[in-house]
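To keep things clear, I will list the structure first and then write my remarks on it.
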Amino acid sequence: MIAVILSKYGMMAQNKIKDVLKSIVIDAGEKGHDEEFGYGVPKLPEDGVITILENSELYTIDEIVNMLGDYDKTELHIHHTWKPDMNDFNGNNHKELNESMRNYHINTRGFIDIAQHVTQFPDGSFMLGRDFELYPNSSSGYRDNGTPWNQPYVFMIENVGNFDSEEMTKVMRNNLVKLGAYFVGNGGTIYFHNQMDKSKSCPGDKLDYNEYMQEVINMVESNNQPHWAKVHRDNLKAKGITIHEERYNDYITRGEMFALNDRITDDYINRIEELQRQLDEKQ
Ligand SMILES: [Zn+2]
């Protein structure tokens, strides 16, 4: 008997659905709990359409963290690419490197798309990988509770470099701490690939999980500290000037600084003139 599933595209044979599902799962076909599905049953996008993002924009860490706000990701998986390594990056070939990984993952590994949600380059910029809605192809194998590592709540990052032997750039490291702080600050968890799969050194022997986590925790704590400028905002309030927003790190332009200084000195001059008038009246 052939089971059929009614999808947006009409009837689909169960076998066809299984083919689609298998292609999304990491290492499907290797030994897994389910011979057919391999490691875990992935979630299909709601409309049944798997779109490969064709976006070669570069993003900052703040933009990536902002995007995460729209998704329910509670677990960060950290990897290094190993190959390409840092020598393969020439400062301009973000797109080529990302696309070559995508090509390898789709055509050699048989994944539905590039494995990771984002790729970080040695210059600290990010490129998008697969749709954030999809499971990543992060790690084969299972958690202690028997469920696969790849889950809808996992967010996977690949960092370009071979950190068994290469030194991660400072900007990459800082970004990785920022990203980690987003997860830990929201009660989430972080795994290195080598914790999920003991046969891997990924994200590299040079990265120590405990050291990294300490930096993440320090950042979460400092994020929870009041901003240094809060005292000034409070002082202004005491002087009768209430500023309703708290965007402490927004920039001020030179033009705005001229206007601000002009107004402050106006006020200062008005007060001096007022004092002078009062003195004159008393005399
Ligand atoms: Zn890895």
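Chains: A, B, ... in order of the structure tokens. Residues: from 1 per chain. Ligands: from 1, in order shown.
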Cut-off 6 Å, only C-alpha atoms and all ligand atoms, neighbours of ligand 1 as a PyMOL selection string: chain A and resi 79-80+193+202-203
Residues from last step as file, all heavy atoms, as a PDB file, in the first residue's frame:
ATOM      1  N   HIS A  79      30.908  25.972  14.876  1.00  0.00           N
ATOM      2  CA  HIS A  79      31.804  25.170  14.026  1.00  0.00           C
ATOM      3  C   HIS A  79      32.878  26.052  13.400  1.00  0.00           C
ATOM      4  O   HIS A  79      32.700  27.254  13.302  1.00  0.00           O
ATOM      5  CB  HIS A  79      31.021  24.554  12.855  1.00  0.00           C
ATOM      6  CG  HIS A  79      29.917  23.640  13.254  1.00  0.00           C
ATOM      7  ND1 HIS A  79      30.023  22.281  13.180  1.00  0.00           N
ATOM      8  CD2 HIS A  79      28.662  23.900  13.713  1.00  0.00           C
ATOM      9  CE1 HIS A  79      28.877  21.720  13.570  1.00  0.00           C
ATOM     10  NE2 HIS A  79      28.037  22.679  13.902  1.00  0.00           N
ATOM     11  N   HIS A  80      33.948  25.399  12.969  1.00  0.00           N
ATOM     12  CA  HIS A  80      34.870  26.078  12.045  1.00  0.00           C
ATOM     13  C   HIS A  80      34.795  25.326  10.716  1.00  0.00           C
ATOM     14  O   HIS A  80      34.427  24.150  10.674  1.00  0.00           O
ATOM     15  CB  HIS A  80      36.312  26.159  12.577  1.00  0.00           C
ATOM     16  CG  HIS A  80      37.064  24.864  12.664  1.00  0.00           C
ATOM     17  ND1 HIS A  80      38.432  24.786  12.689  1.00  0.00           N
ATOM     18  CD2 HIS A  80      36.633  23.581  12.738  1.00  0.00           C
ATOM     19  CE1 HIS A  80      38.817  23.529  12.781  1.00  0.00           C
ATOM     20  NE2 HIS A  80      37.756  22.774  12.818  1.00  0.00           N
ATOM     21  N   HIS A 193      30.964  21.846  18.302  1.00  0.00           N
ATOM     22  CA  HIS A 193      30.745  20.602  17.563  1.00  0.00           C
ATOM     23  C   HIS A 193      31.413  19.409  18.269  1.00  0.00           C
ATOM     24  O   HIS A 193      30.859  18.312  18.333  1.00  0.00           O
ATOM     25  CB  HIS A 193      31.286  20.753  16.134  1.00  0.00           C
ATOM     26  CG  HIS A 193      30.860  19.667  15.197  1.00  0.00           C
ATOM     27  ND1 HIS A 193      31.345  19.561  13.932  1.00  0.00           N
ATOM     28  CD2 HIS A 193      29.999  18.629  15.355  1.00  0.00           C
ATOM     29  CE1 HIS A 193      30.802  18.509  13.339  1.00  0.00           C
ATOM     30  NE2 HIS A 193      29.981  17.918  14.185  1.00  0.00           N
ATOM     31  N   CYS A 202      36.460  20.187  15.868  1.00  0.00           N
ATOM     32  CA  CYS A 202      35.685  21.387  15.509  1.00  0.00           C
ATOM     33  C   CYS A 202      35.024  21.996  16.743  1.00  0.00           C
ATOM     34  O   CYS A 202      34.425  21.265  17.511  1.00  0.00           O
ATOM     35  CB  CYS A 202      34.625  20.981  14.488  1.00  0.00           C
ATOM     36  SG  CYS A 202      33.550  22.310  13.972  1.00  0.00           S
ATOM     37  N   PRO A 203      35.066  23.293  16.946  1.00  0.00           N
ATOM     38  CA  PRO A 203      35.577  24.382  16.108  1.00  0.00           C
ATOM     39  C   PRO A 203      37.077  24.650  16.245  1.00  0.00           C
ATOM     40  O   PRO A 203      37.520  25.769  16.020  1.00  0.00           O
ATOM     41  CB  PRO A 203      34.778  25.588  16.599  1.00  0.00           C
ATOM     42  CG  PRO A 203      34.520  25.315  18.046  1.00  0.00           C
ATOM     43  CD  PRO A 203      34.379  23.824  18.157  1.00  0.00           C
TER      44      PRO A 203
END
Residue set, region 78-258 of chain A restricted to helix (DSSP H, G or I), as a ChimeraX atom specification: /A:86-88,94-108,170-185,193-196,209-224,230-238,254-258
Nearest to Glu166 (chain A) by atom-to-atom distance, counting only C-alpha atoms, from A:Asp208, A:Glu215, A:Asp70, A:Asp85: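 Selected residue with least distance to Glu166 (chain A): A:Asp85.
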Between CA of Phe192 (chain A) and CA of Tyr212 (chain A), distance in Å (one decimal):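 That distance, rounded to one decimal, is 10.3 Å.
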Can you pull out every residue within 7 Å of Asp113 (chain A), counting only C-alpha atoms, but drop anything in the same chain fewer than 5 positions away, and send it as an mmCIF file with all heavy atoms, in the first residue's frame?
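out-v9.cif was written with the following content:
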data_model
loop_
_atom_site.group_PDB
_atom_site.id
_atom_site.type_symbol
_atom_site.label_atom_id
_atom_site.label_comp_id
_atom_site.auth_asym_id
_atom_site.auth_seq_id
_atom_site.Cartn_x
_atom_site.Cartn_y
_atom_site.Cartn_z
ATOM 1 N N ILE A 52 16.157 28.140 -1.399
ATOM 2 C CA ILE A 52 17.569 28.393 -1.152
ATOM 3 C C ILE A 52 17.756 29.900 -1.253
ATOM 4 O O ILE A 52 17.398 30.512 -2.254
ATOM 5 C CB ILE A 52 18.429 27.624 -2.169
ATOM 6 C CG1 ILE A 52 18.279 26.121 -1.883
ATOM 7 C CG2 ILE A 52 19.877 28.072 -2.097
ATOM 8 C CD1 ILE A 52 19.005 25.222 -2.837
ATOM 9 N N ARG A 102 28.158 25.894 -0.132
ATOM 10 C CA ARG A 102 26.776 25.528 -0.475
ATOM 11 C C ARG A 102 26.772 24.423 -1.531
ATOM 12 O O ARG A 102 26.074 23.419 -1.411
ATOM 13 C CB ARG A 102 26.022 26.758 -0.986
ATOM 14 C CG ARG A 102 24.517 26.551 -1.103
ATOM 15 C CD ARG A 102 23.831 27.693 -1.829
ATOM 16 N NE ARG A 102 23.970 29.001 -1.223
ATOM 17 C CZ ARG A 102 23.233 29.457 -0.226
ATOM 18 N NH1 ARG A 102 22.294 28.720 0.304
ATOM 19 N NH2 ARG A 102 23.428 30.651 0.261
ATOM 20 N N HIS A 105 27.911 21.138 -0.014
ATOM 21 C CA HIS A 105 26.886 20.547 0.867
ATOM 22 C C HIS A 105 25.715 19.967 0.073
ATOM 23 O O HIS A 105 25.190 18.917 0.417
ATOM 24 C CB HIS A 105 26.371 21.588 1.877
ATOM 25 C CG HIS A 105 27.381 21.924 2.930
ATOM 26 N ND1 HIS A 105 27.253 23.007 3.782
ATOM 27 C CD2 HIS A 105 28.545 21.313 3.279
ATOM 28 C CE1 HIS A 105 28.292 23.042 4.606
ATOM 29 N NE2 HIS A 105 29.087 22.038 4.314
ATOM 30 N N ILE A 106 25.335 20.662 -0.985
ATOM 31 C CA ILE A 106 24.189 20.190 -1.773
ATOM 32 C C ILE A 106 24.598 19.022 -2.670
ATOM 33 O O ILE A 106 23.975 17.963 -2.661
ATOM 34 C CB ILE A 106 23.582 21.336 -2.625
ATOM 35 C CG1 ILE A 106 22.976 22.414 -1.714
ATOM 36 C CG2 ILE A 106 22.522 20.793 -3.583
ATOM 37 C CD1 ILE A 106 22.483 23.650 -2.452
ATOM 38 N N ARG A 130 21.477 28.809 5.175
ATOM 39 C CA ARG A 130 20.127 28.321 4.886
ATOM 40 C C ARG A 130 19.094 29.120 5.652
ATOM 41 O O ARG A 130 19.410 29.834 6.605
ATOM 42 C CB ARG A 130 20.003 26.828 5.195
ATOM 43 C CG ARG A 130 20.046 26.453 6.653
ATOM 44 C CD ARG A 130 19.698 24.989 6.853
ATOM 45 N NE ARG A 130 20.521 24.093 6.045
ATOM 46 C CZ ARG A 130 20.323 22.778 5.948
ATOM 47 N NH1 ARG A 130 19.342 22.205 6.618
ATOM 48 N NH2 ARG A 130 21.103 22.032 5.210
#
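DSSP, applied to the backbone of this structure, assigns strand (DSSP E) to the following residues of region 59-198 of chain A: Glu75, Leu76, His77, Ile78, His79, His80, Val118, Thr119, Gln120, Phe126, Met127, Leu128, Val154, Phe155, Met156, Ile157, Glu158, Asn159, Thr189, Ile190, Tyr191 and Phe192 of chain A.
With distances restricted to only C-alpha atoms, A:Asn159 is the closest residue to His117 (chain A) from A:Asn175, A:Asn159, A:Thr242, A:Asn210.
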Point-to-point distance in Å for CA of Phe132 (chain A) and CA of Thr108 (chain A):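 Separation between CA of Thr108 (chain A) and CA of Phe132 (chain A): 22.0 Å.
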Contacts of Leu97 (chain A) within 10 Å, only C-alpha atoms, excl. fewer than 5 positions in-chain, as number ranges by chain: A: 83-85, 88-89, 92, 102-103, 119, 121, 160
Residues near Tyr104 (chain A), cut-off 10 Å, only C-alpha atoms, skip fewer than 5 positions along chain, as a ChimeraX atom specification: /A:98-99,109-111,113-115
Option closest in space to Met219 (chain A), from A:Arg247, A:Lys178, A:Lys239, A:His232 [counting only C-alpha atoms]: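 Of all the options, A:Lys178 lies closest to Met219 (chain A).
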Proximity to Glu133 (chain A) - best of A:Phe258, A:Trp228, A:Tyr248, A:Tyr71, only C-alpha atoms: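 Result for the nearest residue to Glu133 (chain A): A:Tyr71.
Using only C-alpha atoms, the smallest distance between any of A:Tyr59, A:Ile64, A:Ser100, A:Gly188 and Met127 (chain A) comes from A:Tyr59.
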Residue contacts of Asp144 (chain A) (12 Å, only C-alpha atoms) excluding same-chain residues fewer than 3 positions away, as a PyMOL selection string: chain A and resi 141+147-149+195-196
Residue nearest Ser199 (chain A) - candidates A:Glu211, A:Val184, A:Asn174, A:Ser139, atoms counted: only C-alpha atoms: A:Ser139
